[in-house]
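Text of the file entry.cif, holding mmCIF, C-alpha atoms:
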```cif
data_model
loop_
_atom_site.label_atom_id
_atom_site.label_comp_id
_atom_site.auth_asym_id
_atom_site.auth_seq_id
_atom_site.Cartn_x
_atom_site.Cartn_y
_atom_site.Cartn_z
CA MET D 1111 160.01 57.94 41.54
CA ARG D 1112 163.74 58.29 40.87
CA VAL D 1113 165.23 61.79 40.61
CA ILE D 1114 168.76 62.94 39.82
CA VAL D 1115 169.68 66.33 41.26
CA LEU D 1116 172.73 67.99 39.72
CA GLY D 1117 174.24 70.40 42.23
CA ALA D 1118 174.49 70.25 46.02
CA GLY D 1119 174.50 73.93 46.95
CA ILE D 1120 171.75 75.57 48.96
CA LEU D 1121 169.22 75.02 46.15
CA GLY D 1122 170.16 71.46 45.18
CA ALA D 1123 170.45 70.38 48.81
CA SER D 1124 166.95 71.71 49.46
CA VAL D 1125 165.55 69.87 46.43
CA ALA D 1126 167.12 66.63 47.65
CA TYR D 1127 165.93 67.15 51.22
CA HIS D 1128 162.31 67.74 50.25
CA LEU D 1129 162.23 64.92 47.68
CA ALA D 1130 163.82 62.37 50.01
CA ARG D 1131 161.48 63.24 52.86
CA ALA D 1132 158.56 62.75 50.47
CA GLY D 1133 159.78 59.22 49.70
CA ALA D 1134 161.39 59.75 46.30
CA GLU D 1135 164.55 57.89 45.34
CA VAL D 1136 167.13 60.65 45.05
CA GLU D 1137 170.69 60.81 43.79
CA VAL D 1138 172.56 64.08 44.27
CA ILE D 1139 175.59 64.49 42.01
CA ASP D 1140 177.94 67.40 42.46
CA ALA D 1141 181.27 68.22 40.83
CA ALA D 1142 184.08 69.54 43.02
CA HIS D 1143 184.38 73.03 41.54
CA PRO D 1144 186.27 75.70 43.50
CA GLY D 1145 184.23 78.81 44.14
CA LYS D 1146 180.80 77.34 44.68
CA ALA D 1147 178.62 80.18 45.91
CA THR D 1148 177.18 78.14 48.78
CA MET D 1149 180.61 77.19 50.09
CA ALA D 1150 181.59 80.87 50.35
CA GLY D 1151 178.26 82.41 51.25
CA ALA D 1152 177.18 84.13 54.43
CA GLY D 1153 173.48 84.74 54.22
CA ILE D 1154 171.33 87.59 55.45
CA ILE D 1155 167.66 86.75 55.87
CA CYS D 1156 165.99 90.16 55.81
CA PRO D 1157 164.15 90.66 52.51
CA TRP D 1158 161.74 93.17 54.02
CA ALA D 1159 164.45 95.85 53.91
CA SER D 1160 165.34 95.30 50.26
CA GLN D 1161 165.00 98.15 47.81
CA VAL D 1162 164.10 95.67 45.06
CA ASP D 1163 160.35 96.05 44.47
CA THR D 1164 159.77 93.51 41.67
CA PRO D 1165 156.66 91.72 43.05
CA ALA D 1166 157.63 88.17 42.03
CA TRP D 1167 161.15 88.62 43.41
CA TYR D 1168 159.91 89.97 46.71
CA ARG D 1169 157.22 87.28 46.97
CA LEU D 1170 159.79 84.47 46.75
CA SER D 1171 162.27 86.24 49.04
CA ALA D 1172 159.63 86.89 51.68
CA ALA D 1173 158.37 83.31 51.43
CA GLY D 1174 161.94 82.10 51.84
CA ALA D 1175 162.46 84.15 54.98
CA LYS D 1176 159.16 82.96 56.43
CA TYR D 1177 160.06 79.32 55.71
CA TYR D 1178 163.51 79.33 57.32
CA PRO D 1179 162.50 78.99 61.00
CA ASP D 1180 160.27 75.98 60.31
CA LEU D 1181 162.91 74.34 58.13
CA ALA D 1182 165.67 74.97 60.68
CA ALA D 1183 163.45 73.49 63.41
CA ALA D 1184 162.76 70.41 61.26
CA LEU D 1185 166.49 69.94 60.70
CA ALA D 1186 167.12 70.25 64.43
CA GLU D 1187 164.43 67.67 65.13
CA ALA D 1188 166.19 65.35 62.68
CA GLY D 1189 169.44 65.73 64.62
CA GLU D 1190 170.95 68.68 62.74
CA ALA D 1191 170.62 71.50 65.26
CA ALA D 1192 174.03 72.95 64.37
CA ASN D 1193 172.80 74.05 60.94
CA GLY D 1194 174.18 77.58 60.82
CA TYR D 1195 170.83 79.40 61.09
CA ARG D 1196 170.17 81.89 63.87
CA CYS D 1197 167.61 84.66 64.31
CA VAL D 1198 169.72 87.59 65.53
CA GLY D 1199 167.93 90.63 64.10
CA ALA D 1200 169.36 93.22 61.73
CA LEU D 1201 170.51 96.81 61.88
CA ILE D 1202 169.57 98.82 58.80
CA THR D 1203 171.68 101.95 58.47
CA SER D 1204 172.77 104.62 56.02
CA GLU D 1205 175.02 107.66 55.84
CA ASN D 1206 172.04 109.45 54.29
CA PRO D 1207 169.25 110.16 56.83
CA ALA D 1208 166.67 110.35 54.03
CA ASP D 1209 167.58 106.85 52.86
CA LEU D 1210 167.28 105.50 56.39
CA ALA D 1211 163.86 107.13 56.78
CA ALA D 1212 162.75 105.59 53.47
CA ALA D 1213 163.97 102.18 54.62
CA GLU D 1214 161.99 102.50 57.85
CA ARG D 1215 158.83 103.40 55.92
CA ARG D 1216 159.36 100.45 53.58
CA LEU D 1217 159.85 98.05 56.48
CA ARG D 1218 156.75 99.24 58.30
CA ALA D 1219 154.64 99.02 55.13
CA ARG D 1220 155.77 95.46 54.44
CA HIS D 1221 155.39 94.41 58.07
CA ASN D 1222 151.60 94.24 57.71
CA ASP D 1223 151.95 91.22 55.43
CA ALA D 1224 155.08 89.84 57.10
CA PRO D 1225 154.67 89.76 60.89
CA GLU D 1226 157.60 87.31 60.98
CA ALA D 1227 159.85 90.35 60.42
CA GLY D 1228 159.31 91.00 64.11
CA GLN D 1229 159.51 94.37 65.80
CA ILE D 1230 160.66 97.40 63.78
CA SER D 1231 162.44 99.95 66.00
CA ARG D 1232 164.40 103.13 65.38
CA LEU D 1233 167.61 103.04 67.44
CA ALA D 1234 169.95 105.83 68.44
CA ASN D 1235 173.63 105.16 67.92
CA ALA D 1236 174.41 104.09 71.48
CA GLU D 1237 171.74 101.39 71.42
CA ALA D 1238 172.85 100.18 67.99
CA ARG D 1239 176.46 99.92 69.23
CA ARG D 1240 175.29 97.96 72.25
CA LEU D 1241 173.99 95.34 69.83
CA PHE D 1242 176.90 95.57 67.36
CA PRO D 1243 179.89 97.05 69.26
CA PRO D 1244 182.20 97.84 66.27
CA PHE D 1245 179.50 100.03 64.70
CA ARG D 1246 180.40 103.58 63.69
CA GLU D 1247 179.62 106.21 66.32
CA ASP D 1248 177.77 108.81 64.22
CA LEU D 1249 175.05 106.67 62.61
CA ASP D 1250 171.61 105.62 63.77
CA ALA D 1251 169.85 102.44 62.68
CA VAL D 1252 166.52 100.70 62.28
CA HIS D 1253 166.37 97.37 64.08
CA VAL D 1254 164.44 94.43 62.56
CA SER D 1255 164.11 91.80 65.27
CA GLY D 1256 162.99 88.93 63.01
CA ALA D 1257 165.98 89.04 60.68
CA ALA D 1258 168.43 86.16 60.68
CA ARG D 1259 171.74 84.97 59.33
CA VAL D 1260 172.81 81.62 57.94
CA GLU D 1261 176.13 79.99 57.19
CA ALA D 1262 175.34 78.50 53.82
CA ARG D 1263 177.73 75.57 53.84
CA ALA D 1264 176.48 74.39 57.25
CA PHE D 1265 172.81 74.69 56.31
CA SER D 1266 173.29 72.89 52.99
CA ALA D 1267 175.27 70.12 54.67
CA ALA D 1268 172.51 69.67 57.24
CA MET D 1269 169.84 69.31 54.54
CA LEU D 1270 171.97 66.82 52.61
CA LYS D 1271 172.68 64.78 55.73
CA VAL D 1272 168.97 64.49 56.51
CA ALA D 1273 168.26 63.61 52.85
CA VAL D 1274 170.85 60.83 53.01
CA GLY D 1275 169.23 59.65 56.22
CA HIS D 1276 166.02 59.25 54.20
CA GLY D 1277 167.79 57.15 51.58
CA ALA D 1278 169.28 59.73 49.21
CA VAL D 1279 172.68 59.08 47.65
CA HIS D 1280 175.20 61.93 47.46
CA ARG D 1281 178.39 61.67 45.42
CA ASN D 1282 180.96 63.91 43.80
CA GLU D 1283 181.38 63.29 40.10
CA SER D 1284 181.42 65.22 36.85
CA VAL D 1285 178.49 64.07 34.76
CA GLY D 1286 176.93 65.13 31.48
CA LEU D 1287 173.54 65.32 29.81
CA ARG D 1288 172.35 64.29 26.37
CA ARG D 1289 168.99 64.50 24.70
CA ASP D 1290 166.93 61.50 23.63
CA GLY D 1291 163.79 62.81 21.91
CA ASP D 1292 161.98 64.90 24.50
CA ARG D 1293 163.92 63.49 27.45
CA ALA D 1294 167.18 64.35 29.15
CA ILE D 1295 169.55 61.48 29.89
CA CYS D 1296 172.22 61.83 32.57
CA LEU D 1297 175.59 60.29 31.71
CA GLY D 1298 178.08 59.26 34.37
CA ALA D 1299 181.82 59.87 34.13
CA ASP D 1300 182.08 56.48 32.39
CA GLY D 1301 179.66 57.63 29.69
CA LYS D 1302 176.92 55.23 30.79
CA ALA D 1303 173.36 56.42 31.32
CA ILE D 1304 172.14 56.86 34.89
CA GLY D 1305 168.47 55.95 34.98
CA ALA D 1306 166.02 58.52 36.29
CA ASP D 1307 162.41 59.60 35.89
CA MET D 1308 163.34 63.24 36.41
CA VAL D 1309 166.52 65.33 36.21
CA ILE D 1310 166.79 68.59 38.15
CA VAL D 1311 169.69 70.89 37.30
CA ALA D 1312 170.58 73.17 40.21
CA ALA D 1313 174.25 73.61 39.37
CA GLY D 1314 174.59 77.36 39.81
CA ALA D 1315 177.07 79.18 37.61
CA TRP D 1316 178.17 75.90 36.01
CA ALA D 1317 174.69 75.01 34.74
CA PRO D 1318 175.00 76.61 31.26
CA GLU D 1319 177.85 74.27 30.34
CA ILE D 1320 175.91 71.25 31.64
CA LEU D 1321 172.79 72.21 29.68
CA LYS D 1322 174.49 73.15 26.43
CA PRO D 1323 174.40 69.57 24.96
CA LEU D 1324 170.61 69.69 25.29
CA GLY D 1325 170.41 72.79 23.09
CA ILE D 1326 169.56 74.98 26.09
CA ASP D 1327 171.28 78.36 26.22
CA LEU D 1328 170.77 79.37 29.84
CA PRO D 1329 171.47 83.11 30.28
CA ILE D 1330 173.54 82.72 33.43
CA ALA D 1331 177.06 83.98 34.10
CA PRO D 1332 179.32 83.79 37.16
CA GLN D 1333 179.44 86.91 39.30
CA LYS D 1334 182.46 86.81 41.59
CA GLY D 1335 182.10 87.71 45.23
CA GLN D 1336 185.02 88.17 47.65
CA ILE D 1337 184.06 87.91 51.32
CA LEU D 1338 186.37 88.78 54.22
CA HIS D 1339 186.40 87.04 57.60
CA PHE D 1340 187.66 88.90 60.69
CA GLY D 1341 188.59 87.28 64.01
CA LEU D 1342 187.78 88.91 67.36
CA SER D 1343 189.44 86.51 69.75
CA GLY D 1344 187.67 86.12 73.09
CA ILE D 1345 184.65 88.23 72.11
CA ASP D 1346 181.19 86.68 72.19
CA THR D 1347 179.61 87.48 68.81
CA ILE D 1348 176.88 84.84 68.81
CA ASN D 1349 173.94 87.23 69.04
CA TRP D 1350 175.32 90.20 67.14
CA PRO D 1351 172.79 91.35 64.54
CA VAL D 1352 173.35 91.57 60.82
CA LEU D 1353 174.48 95.02 59.66
CA LEU D 1354 172.88 96.23 56.42
CA PRO D 1355 173.84 99.64 55.03
CA MET D 1356 171.63 100.79 52.19
CA ASN D 1357 174.07 99.59 49.54
CA SER D 1358 175.19 96.20 48.18
CA TYR D 1359 177.40 95.32 51.16
CA TYR D 1360 176.67 93.57 54.44
CA MET D 1361 178.27 92.48 57.69
CA LEU D 1362 177.36 89.73 60.11
CA ALA D 1363 178.84 87.68 62.93
CA PHE D 1364 179.10 83.95 63.39
CA ASP D 1365 179.25 81.99 66.63
CA ASP D 1366 183.04 81.63 66.75
CA SER D 1367 184.10 85.24 67.42
CA ARG D 1368 184.10 85.85 63.69
CA VAL D 1369 182.72 88.77 61.69
CA VAL D 1370 182.09 88.46 57.97
CA ALA D 1371 181.98 91.39 55.54
CA GLY D 1372 181.13 91.31 51.89
CA ALA D 1373 180.88 91.22 49.14
CA THR D 1374 182.21 92.33 45.80
CA ARG D 1375 179.90 91.93 42.81
CA GLU D 1376 182.32 91.33 39.97
CA THR D 1377 180.28 90.93 36.81
CA GLY D 1378 182.24 89.56 33.87
CA SER D 1379 184.71 87.85 36.20
CA GLY D 1380 184.48 84.43 34.61
CA PHE D 1381 185.70 81.72 36.98
CA ASP D 1382 188.72 83.67 38.22
CA TYR D 1383 189.14 82.17 41.70
CA ARG D 1384 191.93 84.49 42.87
CA VAL D 1385 191.69 86.77 45.86
CA THR D 1386 192.64 90.17 44.45
CA ALA D 1387 194.11 93.30 46.00
CA GLY D 1388 191.28 95.38 44.59
CA GLY D 1389 188.63 93.04 45.96
CA GLN D 1390 190.24 93.04 49.41
CA LYS D 1391 190.44 96.83 49.44
CA GLU D 1392 186.85 97.26 48.32
CA VAL D 1393 185.46 95.15 51.15
CA LEU D 1394 187.92 96.48 53.74
CA ASP D 1395 186.99 100.06 52.86
CA PHE D 1396 183.34 99.24 53.42
CA ALA D 1397 183.92 97.29 56.63
CA LEU D 1398 186.06 99.93 58.30
CA ALA D 1399 183.81 102.77 57.16
CA PHE D 1400 180.75 101.26 58.88
CA ALA D 1401 182.42 99.27 61.66
CA PRO D 1402 185.68 101.06 62.53
CA GLY D 1403 185.85 98.97 65.69
CA LEU D 1404 187.15 96.15 63.48
CA ARG D 1405 190.41 97.93 62.72
CA HIS D 1406 192.33 95.79 65.24
CA ALA D 1407 190.62 92.52 64.28
CA THR D 1408 192.59 89.67 62.73
CA LEU D 1409 192.01 89.19 59.02
CA LEU D 1410 191.45 85.42 58.98
CA GLU D 1411 190.60 84.57 55.38
CA THR D 1412 188.90 85.67 52.20
CA ARG D 1413 186.39 83.35 50.56
CA VAL D 1414 185.56 83.53 46.88
CA GLY D 1415 182.25 82.40 45.41
CA PHE D 1416 180.59 82.66 42.01
CA ARG D 1417 176.94 83.69 42.16
CA PRO D 1418 174.77 82.50 39.26
CA ALA D 1419 173.68 85.86 37.85
CA GLY D 1420 170.89 86.15 35.30
CA PRO D 1421 169.70 89.02 33.12
CA SER D 1422 167.28 90.26 35.81
CA TYR D 1423 166.59 89.92 39.53
CA LEU D 1424 164.10 87.13 38.89
CA PRO D 1425 165.29 83.55 39.40
CA MET D 1426 164.61 80.83 36.85
CA LEU D 1427 162.59 77.95 38.24
CA GLY D 1428 160.60 75.27 36.49
CA PRO D 1429 160.41 72.95 33.49
CA ALA D 1430 162.66 73.26 30.46
CA VAL D 1431 160.72 73.89 27.27
CA GLY D 1432 160.56 70.81 25.06
CA ILE D 1433 162.12 68.37 27.55
CA SER D 1434 159.55 66.47 29.53
CA ASN D 1435 161.68 65.26 32.43
CA LEU D 1436 163.93 68.26 33.10
CA LEU D 1437 163.54 70.97 35.74
CA ILE D 1438 165.96 73.84 36.17
CA GLY D 1439 166.63 76.10 39.14
CA ASN D 1440 169.03 79.00 38.69
CA GLY D 1441 169.57 82.76 38.64
CA LEU D 1442 169.02 83.35 42.36
CA GLY D 1443 172.04 85.66 42.38
CA ALA D 1444 172.77 87.64 45.53
CA GLY D 1445 169.44 86.55 47.04
CA GLY D 1446 170.22 82.87 46.76
CA LEU D 1447 170.66 82.13 50.44
CA THR D 1448 167.32 83.74 51.29
CA MET D 1449 165.43 82.10 48.42
CA GLY D 1450 167.32 78.82 48.08
CA PRO D 1451 165.54 76.54 50.57
CA MET D 1452 162.07 77.68 49.47
CA ALA D 1453 163.02 77.49 45.79
CA GLY D 1454 164.23 73.93 46.35
CA ARG D 1455 160.93 73.04 47.99
CA LEU D 1456 159.06 74.47 44.99
CA LEU D 1457 161.09 72.41 42.51
CA ALA D 1458 160.56 69.27 44.60
CA GLU D 1459 156.82 69.91 44.66
CA GLN D 1460 156.84 70.39 40.88
CA ALA D 1461 158.78 67.14 40.35
CA LEU D 1462 156.32 65.24 42.53
CA GLY D 1463 153.32 66.63 40.65
CA GLN D 1464 152.10 68.53 43.71
CA LYS D 1465 150.59 71.99 43.87
CA THR D 1466 153.50 74.35 44.45
CA ALA D 1467 153.45 76.76 47.38
CA LEU D 1468 154.06 79.65 44.92
CA ASP D 1469 153.10 79.85 41.25
CA LEU D 1470 156.19 78.93 39.23
CA ALA D 1471 154.79 80.70 36.19
CA ASP D 1472 156.32 83.88 37.61
CA TYR D 1473 159.78 82.33 37.24
CA ALA D 1474 159.46 80.65 33.85
CA PHE D 1475 162.32 81.13 31.40
#
```
Could you express the structure from this file as structure tokens?
Amino acid sequence: MRVIVLGAGILGASVAYHLARAGAEVEVIDAAHPGKATMAGAGIICPWASQVDTPAWYRLSAAGAKYYPDLAAALAEAGEAANGYRCVGALITSENPADLAAAERRLRARHNDAPEAGQISRLANAEARRLFPPFREDLDAVHVSGAARVEARAFSAAMLKVAVGHGAVHRNESVGLRRDGDRAICLGADGKAIGADMVIVAAGAWAPEILKPLGIDLPIAPQKGQILHFGLSGIDTINWPVLLPMNSYYMLAFDDSRVVAGATRETGSGFDYRVTAGGQKEVLDFALAFAPGLRHATLLETRVGFRPAGPSYLPMLGPAVGISNLLIGNGLGAGGLTMGPMAGRLLAEQALGQKTALDLADYAF
């Protein structure tokens, strides 16, 4: 079976990885767009704390979190141990004690069906600051020991490298699609057809333009996120937990004395790749409000990414109506780094005619 995968972000890389390991002939084609969400993304793997209660959304998010340790171990076994994934735990916090209490109740209720979340513990401020030293001195937290963080570009690169090791081809090129009866045909930059039994479009915010020639109006728009990186020279941040206030922002540390804070959610941004003063201020205000210990850190860089945002929280996964050889994966939005590897596995299973680990009917579009 020959499959073309359009897009090499966290979702497309996962599709390619799972297909190639299953023995399919895979070609991954990705255009060099600035602002790919995966290239900017810093992922928090802690769906059990989310306030989103849509069952299908939570089911996929929780399955994604559960799958990560096994997938990371498989990548390590294949020689890709430096894949950007680390289980470091998370600190859930809020300026509103009632919100923190509600988060703790939600975590304990979900823990019954998700033991992989690990131990749920209420921490006084001193203990929370021992784990995350820049943390504000007047807030308590709930600690979730099974939470993790992932550097999206490293994890995607690891999956692609293993896929290539199993025979997949990965190249950068702008390609197009056209319709031939009930089939999608992929056209290379030279206009010639690239033969394939199946085409899987996992091209994020750029997918609507790719699908338009097929008569598919995918309701996806770019949502701009600006993410700040702080340097703490000489400080060991490897095991610092993720920091999750009960709002849309987050903070986490990477292995190289770096702390990441984000992110703006700029709906209607189009593909405006600029770092803006307003975006910088928004994230800085958040970071210094919850981690004032960062005030002397070096501001290293700001990354910009465009999340593929749909009309609801639910992602879009599965076959395109009326086109027999086309699968689409999109709309993962802000949860893309938690869901992406599992969603890619599901699309690969669908392409191979296997029973999918979750029912894709919940994500039909």
Quiz item: Given the choices D:Met1149, D:Leu1121, D:Ala1227, D:Leu1324, which gets closest to Asn1440 (chain D) if the distance is worked out from all atoms listed in the file?
Solution: D:Leu1121
Quiz item: Which polymer residues have any atom within 10 Å of an atom of Leu1424 (chain D), counting only C-alpha atoms, with same-chain residues fewer than 6 positions away left out, as a list in words?
Solution: Thr1164, Pro1165, Ala1166, Trp1167, Tyr1168, Leu1170, Asn1440, Gly1441, Leu1442, Gly1443, Gly1445, Asp1472, Tyr1473, Ala1474 and Phe1475 of chain D
Run the PyMOL selection byres ((chain D and resi 1136) around 9) mentally over the shown coordinates, then write out the matched residues as a tab-separated table (two decimals) with C-alpha atoms, in the coordinates of the input, using the chain letters and numbers from the document.
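Generated file (selection_23.tsv):
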```tsv
chain	number	residue	atom	x	y	z
D	1111	MET	CA	160.01	57.94	41.54
D	1112	ARG	CA	163.74	58.29	40.87
D	1113	VAL	CA	165.23	61.79	40.61
D	1114	ILE	CA	168.76	62.94	39.82
D	1115	VAL	CA	169.68	66.33	41.26
D	1126	ALA	CA	167.12	66.63	47.65
D	1129	LEU	CA	162.23	64.92	47.68
D	1130	ALA	CA	163.82	62.37	50.01
D	1133	GLY	CA	159.78	59.22	49.70
D	1134	ALA	CA	161.39	59.75	46.30
D	1135	GLU	CA	164.55	57.89	45.34
D	1137	GLU	CA	170.69	60.81	43.79
D	1138	VAL	CA	172.56	64.08	44.27
D	1273	ALA	CA	168.26	63.61	52.85
D	1274	VAL	CA	170.85	60.83	53.01
D	1277	GLY	CA	167.79	57.15	51.58
D	1278	ALA	CA	169.28	59.73	49.21
D	1279	VAL	CA	172.68	59.08	47.65
D	1280	HIS	CA	175.20	61.93	47.46
```
Practice problem: For a cut-off of 10 Å around (174.6, 97.3, 69.6), file coordinates, pick out all residues using only C-alpha atoms and list them as a PyMOL selection string. | Solution: chain D and resi 1201+1233-1245+1251+1253+1350-1351
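For the residues D:Ser1422, D:Thr1466, D:Asn1349, D:Gln1460, ranking by smallest atom-to-atom distance to Cys1197 (chain D) using all atoms listed in the file places D:Asn1349 first.
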Can you report as lines of an AutoDock Vina configuration file the centre and edge lengths in Å, to one decimal, of an axis-aligned box around the listed atoms of region 1154-1158 of chain D padded with 4 Å on each side?
```
center_x = 166.5
center_y = 90.0
center_z = 54.2
size_x = 17.6
size_y = 14.4
size_z = 11.4
```
For region 1252-1335 of chain D of the structure just presented, write C-alpha atoms to a file, as an mmCIF file, in the first residue's frame.
```cif
data_model
loop_
_atom_site.group_PDB
_atom_site.id
_atom_site.type_symbol
_atom_site.label_atom_id
_atom_site.label_comp_id
_atom_site.auth_asym_id
_atom_site.auth_seq_id
_atom_site.Cartn_x
_atom_site.Cartn_y
_atom_site.Cartn_z
ATOM 1 C CA VAL D 1252 -2.327 20.814 43.154
ATOM 2 C CA HIS D 1253 0.444 18.525 41.953
ATOM 3 C CA VAL D 1254 -0.241 15.908 39.245
ATOM 4 C CA SER D 1255 2.739 13.564 39.175
ATOM 5 C CA GLY D 1256 1.922 11.855 35.866
ATOM 6 C CA ALA D 1257 1.810 15.014 33.770
ATOM 7 C CA ALA D 1258 4.478 15.593 31.157
ATOM 8 C CA ARG D 1259 5.846 18.101 28.691
ATOM 9 C CA VAL D 1260 7.028 17.698 25.126
ATOM 10 C CA GLU D 1261 9.033 19.823 22.733
ATOM 11 C CA ALA D 1262 6.949 19.377 19.616
ATOM 12 C CA ARG D 1263 9.625 19.871 16.989
ATOM 13 C CA ALA D 1264 11.923 17.304 18.631
ATOM 14 C CA PHE D 1265 9.183 14.704 19.028
ATOM 15 C CA SER D 1266 7.958 15.129 15.454
ATOM 16 C CA ALA D 1267 11.507 14.912 14.112
ATOM 17 C CA ALA D 1268 12.066 11.699 16.063
ATOM 18 C CA MET D 1269 8.922 10.083 14.612
ATOM 19 C CA LEU D 1270 9.883 11.141 11.087
ATOM 20 C CA LYS D 1271 13.421 9.828 11.489
ATOM 21 C CA VAL D 1272 12.144 6.427 12.595
ATOM 22 C CA ALA D 1273 9.612 6.429 9.719
ATOM 23 C CA VAL D 1274 12.420 7.123 7.247
ATOM 24 C CA GLY D 1275 14.384 4.304 8.839
ATOM 25 C CA HIS D 1276 11.459 2.039 7.923
ATOM 26 C CA GLY D 1277 11.548 3.181 4.307
ATOM 27 C CA ALA D 1278 9.441 6.356 4.307
ATOM 28 C CA VAL D 1279 10.458 9.259 2.079
ATOM 29 C CA HIS D 1280 10.300 12.799 3.473
ATOM 30 C CA ARG D 1281 10.667 15.855 1.263
ATOM 31 C CA ASN D 1282 9.824 19.536 1.271
ATOM 32 C CA GLU D 1283 7.737 20.611 -1.685
ATOM 33 C CA SER D 1284 4.556 22.512 -2.427
ATOM 34 C CA VAL D 1285 2.087 20.121 -3.990
ATOM 35 C CA GLY D 1286 -1.551 20.289 -5.025
ATOM 36 C CA LEU D 1287 -4.604 18.062 -5.245
ATOM 37 C CA ARG D 1288 -7.161 17.539 -7.979
ATOM 38 C CA ARG D 1289 -10.208 15.349 -8.195
ATOM 39 C CA ASP D 1290 -10.622 12.468 -10.626
ATOM 40 C CA GLY D 1291 -14.113 11.026 -10.121
ATOM 41 C CA ASP D 1292 -14.246 9.852 -6.513
ATOM 42 C CA ARG D 1293 -10.472 9.919 -6.034
ATOM 43 C CA ALA D 1294 -7.962 12.549 -5.000
ATOM 44 C CA ILE D 1295 -4.829 12.861 -7.112
ATOM 45 C CA CYS D 1296 -1.698 14.473 -5.688
ATOM 46 C CA LEU D 1297 0.209 16.713 -8.095
ATOM 47 C CA GLY D 1298 3.886 17.504 -7.638
ATOM 48 C CA ALA D 1299 5.402 20.938 -8.168
ATOM 49 C CA ASP D 1300 5.928 19.957 -11.813
ATOM 50 C CA GLY D 1301 2.204 19.293 -12.220
ATOM 51 C CA LYS D 1302 2.676 15.545 -12.649
ATOM 52 C CA ALA D 1303 0.601 13.069 -10.670
ATOM 53 C CA ILE D 1304 2.254 11.286 -7.753
ATOM 54 C CA GLY D 1305 0.814 7.790 -7.563
ATOM 55 C CA ALA D 1306 -0.792 6.693 -4.310
ATOM 56 C CA ASP D 1307 -3.494 4.379 -3.005
ATOM 57 C CA MET D 1308 -4.365 6.812 -0.230
ATOM 58 C CA VAL D 1309 -3.822 10.515 0.467
ATOM 59 C CA ILE D 1310 -3.866 11.814 4.040
ATOM 60 C CA VAL D 1311 -4.020 15.581 4.525
ATOM 61 C CA ALA D 1312 -2.590 16.631 7.887
ATOM 62 C CA ALA D 1313 -1.450 20.091 6.862
ATOM 63 C CA GLY D 1314 -2.757 22.117 9.797
ATOM 64 C CA ALA D 1315 -3.851 25.677 9.143
ATOM 65 C CA TRP D 1316 -2.831 25.397 5.474
ATOM 66 C CA ALA D 1317 -5.143 22.451 4.753
ATOM 67 C CA PRO D 1318 -8.192 24.478 3.578
ATOM 68 C CA GLU D 1319 -6.211 25.910 0.655
ATOM 69 C CA ILE D 1320 -4.890 22.453 -0.261
ATOM 70 C CA LEU D 1321 -8.379 20.915 -0.169
ATOM 71 C CA LYS D 1322 -10.205 23.692 -1.986
ATOM 72 C CA PRO D 1323 -9.584 22.249 -5.517
ATOM 73 C CA LEU D 1324 -11.412 19.100 -4.396
ATOM 74 C CA GLY D 1325 -14.533 21.097 -3.545
ATOM 75 C CA ILE D 1326 -13.925 20.650 0.192
ATOM 76 C CA ASP D 1327 -14.528 23.704 2.352
ATOM 77 C CA LEU D 1328 -12.729 22.774 5.562
ATOM 78 C CA PRO D 1329 -13.836 25.088 8.411
ATOM 79 C CA ILE D 1330 -10.338 25.709 9.739
ATOM 80 C CA ALA D 1331 -8.614 29.040 10.330
ATOM 81 C CA PRO D 1332 -5.172 29.943 11.701
ATOM 82 C CA GLN D 1333 -5.094 30.995 15.336
ATOM 83 C CA LYS D 1334 -1.839 32.778 16.112
ATOM 84 C CA GLY D 1335 0.105 31.917 19.220
#
```
